[in-house]
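J.: Have a look at this one.
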Amino acid sequence: MCKRYIVIFLIILLVFSNIGIGFANIEKKENALIIYENQKTFSYKENTINHLNELLYRFNKSVDSVYINDYKKGSLKQYDSIFVINIENEINDRDLLEDLSNYEHGIYWIGNGIEDFLSYSDKYDLIYEKKINSINELNYKGNKLTISSSDYFNVVNTRRQNSKILATMKDSYKEYPYVINNKNLYFISNYKIDQSFIFEDTLNDFYNIKNFEKGKVFVRIEDVHLFRDKDNLKEIADYLYSEGIPFMVALIPAYVDSKTGKINTIKDDPEFIKTIKYMQDRGGSVVLHGYMHSLDKREISGEGYEFWDMEKDEPISENIEEYVKDRVLSGLRLCVEKGIYPIAFEAPHYAMDQNGYTELKKYFSTYVGQYQNNNENFATSSFPYIIEGSKNFNILIPENLGYIERDNKFSIDIIKNNFYKLSMVRGYTGGFFFHPYMNLDYLKQVISYLKENDSEFLNLKDINNYVKIDDINIRSKDGKIDVTYDKNKSNEKSKSEISFENSMSNINKIIVIFVSTVLVIFTIIFIFFRFINRRKFRRR
């Protein structure tokens, strides 16, 4: 009997161990709190608080944020870690300062306002010195980074030798602490989203993370649609396959003719379908890159912003729940009925508001790309880690290395520099993308560099991905993909196709009516003047 219970227990344990997604085994804390004064930093579009909130889900099960003037005494007790950021004015809330001083868990203070806290609390062996705007170099774990910035950095030093300096900064004259830890307090002198890799790595120390998986990088072939050169696509797939490198294919299943409004889909080109299936067989994982990569018929597919109104720089006016579901379902149905199986999603240009993410999360386990961090304007940011279980994503795989640009001869150097910084982050995940119309030699240069630096490559199919919407179910695990869907629904037209057809039908009707009206008016005028001329002739 005892053996029977042991066997049952082991089976249950194995089942639950396979539910996990297969990333680094990080024990998440219960809850983190962000205390802030401003959501954005002056002159920057990025919402720093939303970005930090998303980042902290790497280490936390839930993350809350509170405006500093709304803080209630005693609120810190329910949190396992505290972050203070974007403070511009003097902190006069004695309740907050007292609660922070008495707080026993980790506090990470980011940038301004630390002078008020250190002045109030005698708990820490730290002293605030000054602000300077002449910093030109950062040093972290033996890595030197030259920066060009006129931003102000806060200088905090230690009174005794019992503080740990994790990173330093320099101007032309002196070196100062950049990240410093004393007791339960961590402090970083300055914070910018696009230069935050040092901060992001020190979070591993802050949360006492000891075990890390080796960093991985993904390769994504971008904006693949039925008007791309099929031989180029096969050549790219063959090269990556020969190098043993898995890759992603960002597929746009429909292409709208911006002149006529006609939608061309992958089902119209059997050879293109064969090409995508060939890429799948050579190690490619398909990522659904929107439905047609354009908002309406005025935008060119592959260039338009399907889930964001870029002309007005605001969220789209459509009902976002219905719109996202229709676009996703339309794209997926086109794919699965032709043996193409997307296992993740990427919004065109990474542009999508927070409500769009919430809707998308219902259907896709995995999102690949950058994060649009606010609803007020288009601004994206990225992370050095895979993020799991946040409010916006089930799994977010970040693109953070950039892409190979046609008109930028330094784009490969930019990717290399970004990888150099990313590789300082323990347990990192990175990615870059490559357009299939580019010369393959550029891709080879990047791959060669990554291999020389002992990089491993991420295989999306090895992750436990799922796609679930209506009758369509797609799952991937350990390199295999399982698919089920209702074939009887495969010939149904999507709302998007119907909408475009109706629009074109209406336009045609309007044109016919207009032309007919003009002809009638012209005929009446012609008859009228002919009648007048006849009367004049008779009088003569």
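Please note that chains go A, B, ... in the order of the structure tokens, that every chain numbers its residues from 1, and that ligands are numbered from 1 in the order shown.
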Using DSSP secondary structure from the backbone, list all alpha helix (DSSP H) positions within stretch 157-260 of chain A, as a PDB file with N, CA and C atoms, in the first residue's frame.

T.:
ATOM      1  N   PHE A 197      20.693  47.912 -18.120  1.00  0.00           N
ATOM      2  CA  PHE A 197      21.121  46.524 -17.972  1.00  0.00           C
ATOM      3  C   PHE A 197      21.866  46.276 -16.660  1.00  0.00           C
ATOM      4  N   ILE A 198      22.610  47.273 -16.160  1.00  0.00           N
ATOM      5  CA  ILE A 198      23.304  47.098 -14.882  1.00  0.00           C
ATOM      6  C   ILE A 198      22.280  46.963 -13.759  1.00  0.00           C
ATOM      7  N   PHE A 199      21.311  47.859 -13.751  1.00  0.00           N
ATOM      8  CA  PHE A 199      20.229  47.770 -12.766  1.00  0.00           C
ATOM      9  C   PHE A 199      19.534  46.413 -12.858  1.00  0.00           C
ATOM     10  N   GLU A 200      19.237  45.973 -14.083  1.00  0.00           N
ATOM     11  CA  GLU A 200      18.495  44.727 -14.267  1.00  0.00           C
ATOM     12  C   GLU A 200      19.291  43.523 -13.778  1.00  0.00           C
ATOM     13  N   ASP A 201      20.603  43.549 -13.935  1.00  0.00           N
ATOM     14  CA  ASP A 201      21.399  42.434 -13.427  1.00  0.00           C
ATOM     15  C   ASP A 201      21.510  42.470 -11.911  1.00  0.00           C
ATOM     16  N   THR A 202      21.613  43.663 -11.325  1.00  0.00           N
ATOM     17  CA  THR A 202      21.721  43.740  -9.861  1.00  0.00           C
ATOM     18  C   THR A 202      20.437  43.297  -9.173  1.00  0.00           C
ATOM     19  N   LEU A 203      19.349  43.212  -9.910  1.00  0.00           N
ATOM     20  CA  LEU A 203      18.123  42.657  -9.327  1.00  0.00           C
ATOM     21  C   LEU A 203      18.326  41.206  -8.903  1.00  0.00           C
ATOM     22  N   ASN A 204      19.232  40.503  -9.573  1.00  0.00           N
ATOM     23  CA  ASN A 204      19.553  39.137  -9.160  1.00  0.00           C
ATOM     24  C   ASN A 204      20.173  39.116  -7.768  1.00  0.00           C
ATOM     25  N   ASP A 205      21.010  40.110  -7.461  1.00  0.00           N
ATOM     26  CA  ASP A 205      21.585  40.219  -6.117  1.00  0.00           C
ATOM     27  C   ASP A 205      20.524  40.666  -5.120  1.00  0.00           C
ATOM     28  N   PHE A 206      19.726  41.629  -5.529  1.00  0.00           N
ATOM     29  CA  PHE A 206      18.672  42.158  -4.662  1.00  0.00           C
ATOM     30  C   PHE A 206      17.711  41.052  -4.227  1.00  0.00           C
ATOM     31  N   LYS A 230      10.766  33.956 -52.737  1.00  0.00           N
ATOM     32  CA  LYS A 230      10.739  32.619 -52.131  1.00  0.00           C
ATOM     33  C   LYS A 230      12.126  31.981 -52.099  1.00  0.00           C
ATOM     34  N   ASP A 231      12.909  32.231 -53.117  1.00  0.00           N
ATOM     35  CA  ASP A 231      14.268  31.668 -53.138  1.00  0.00           C
ATOM     36  C   ASP A 231      15.122  32.268 -52.023  1.00  0.00           C
ATOM     37  N   ASN A 232      14.944  33.557 -51.758  1.00  0.00           N
ATOM     38  CA  ASN A 232      15.673  34.190 -50.653  1.00  0.00           C
ATOM     39  C   ASN A 232      15.299  33.558 -49.321  1.00  0.00           C
ATOM     40  N   LEU A 233      14.001  33.309 -49.134  1.00  0.00           N
ATOM     41  CA  LEU A 233      13.532  32.702 -47.886  1.00  0.00           C
ATOM     42  C   LEU A 233      14.133  31.310 -47.705  1.00  0.00           C
ATOM     43  N   LYS A 234      14.164  30.529 -48.761  1.00  0.00           N
ATOM     44  CA  LYS A 234      14.745  29.185 -48.679  1.00  0.00           C
ATOM     45  C   LYS A 234      16.249  29.245 -48.418  1.00  0.00           C
ATOM     46  N   GLU A 235      16.907  30.213 -49.034  1.00  0.00           N
ATOM     47  CA  GLU A 235      18.351  30.358 -48.840  1.00  0.00           C
ATOM     48  C   GLU A 235      18.669  30.691 -47.381  1.00  0.00           C
ATOM     49  N   ILE A 236      17.875  31.571 -46.788  1.00  0.00           N
ATOM     50  CA  ILE A 236      18.068  31.919 -45.374  1.00  0.00           C
ATOM     51  C   ILE A 236      17.856  30.690 -44.501  1.00  0.00           C
ATOM     52  N   ALA A 237      16.774  29.954 -44.772  1.00  0.00           N
ATOM     53  CA  ALA A 237      16.471  28.751 -43.989  1.00  0.00           C
ATOM     54  C   ALA A 237      17.584  27.717 -44.119  1.00  0.00           C
ATOM     55  N   ASP A 238      18.085  27.531 -45.332  1.00  0.00           N
ATOM     56  CA  ASP A 238      19.163  26.554 -45.556  1.00  0.00           C
ATOM     57  C   ASP A 238      20.431  26.948 -44.804  1.00  0.00           C
ATOM     58  N   TYR A 239      20.750  28.232 -44.820  1.00  0.00           N
ATOM     59  CA  TYR A 239      21.957  28.688 -44.126  1.00  0.00           C
ATOM     60  C   TYR A 239      21.846  28.439 -42.623  1.00  0.00           C
ATOM     61  N   LEU A 240      20.742  28.863 -42.027  1.00  0.00           N
ATOM     62  CA  LEU A 240      20.582  28.701 -40.580  1.00  0.00           C
ATOM     63  C   LEU A 240      20.529  27.221 -40.207  1.00  0.00           C
ATOM     64  N   TYR A 241      19.883  26.417 -41.032  1.00  0.00           N
ATOM     65  CA  TYR A 241      19.825  24.973 -40.788  1.00  0.00           C
ATOM     66  C   TYR A 241      21.223  24.366 -40.826  1.00  0.00           C
ATOM     67  N   SER A 242      22.033  24.817 -41.781  1.00  0.00           N
ATOM     68  CA  SER A 242      23.400  24.290 -41.904  1.00  0.00           C
ATOM     69  C   SER A 242      24.262  24.660 -40.705  1.00  0.00           C
TER      70      SER A 242
END

J.: Residues of stretch 259-337 of chain A that approach stretch 378-387 of chain A to 8 Å or less, counting only C-alpha atoms: could you list each one with the shortest pair of atoms and its distance in Å to one decimal, rows by chain and increasing residue number, as JSON lines?

T.:
{"residue": "A:Met310", "atom": "CA", "partner": "A:Phe378", "partner_atom": "CA", "distance": 7.7}
{"residue": "A:Asp313", "atom": "CA", "partner": "A:Phe378", "partner_atom": "CA", "distance": 6.3}
{"residue": "A:Glu314", "atom": "CA", "partner": "A:Phe378", "partner_atom": "CA", "distance": 7.4}

J.: Figure out the distance between atom CA of A:Tyr291 and atom CA of A:Ile263, please, to one decimal in Å.

T.: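 Those two atoms sit 10.6 Å apart.
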
J.: Skipping near chain neighbours, those fewer than 5 positions away, what residues fall within 12 Å of A:Ser390 using only C-alpha atoms, listed as a PyMOL selection string?

T.: chain A and resi 50-64+354+357-358+361+365-367+395-396

J.: Nearest to A:Phe433: which of A:Arg220, A:Lys28, A:Arg94, A:Lys170 is it, counting only C-alpha atoms?

T.: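 Going through A:Arg220, A:Lys28, A:Arg94, A:Lys170 one by one, the smallest distance to A:Phe433 is for A:Arg220.
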
J.: Would you give me, as an NGL selection string, the residues in stretch 41-207 of chain A that DSSP reads as strand (DSSP E or B)?

T.: :A and (47 or 60-67 or 81-85 or 106-110 or 126-132 or 137-140 or 143-146 or 153-158 or 164-170 or 175-182 or 185-188)
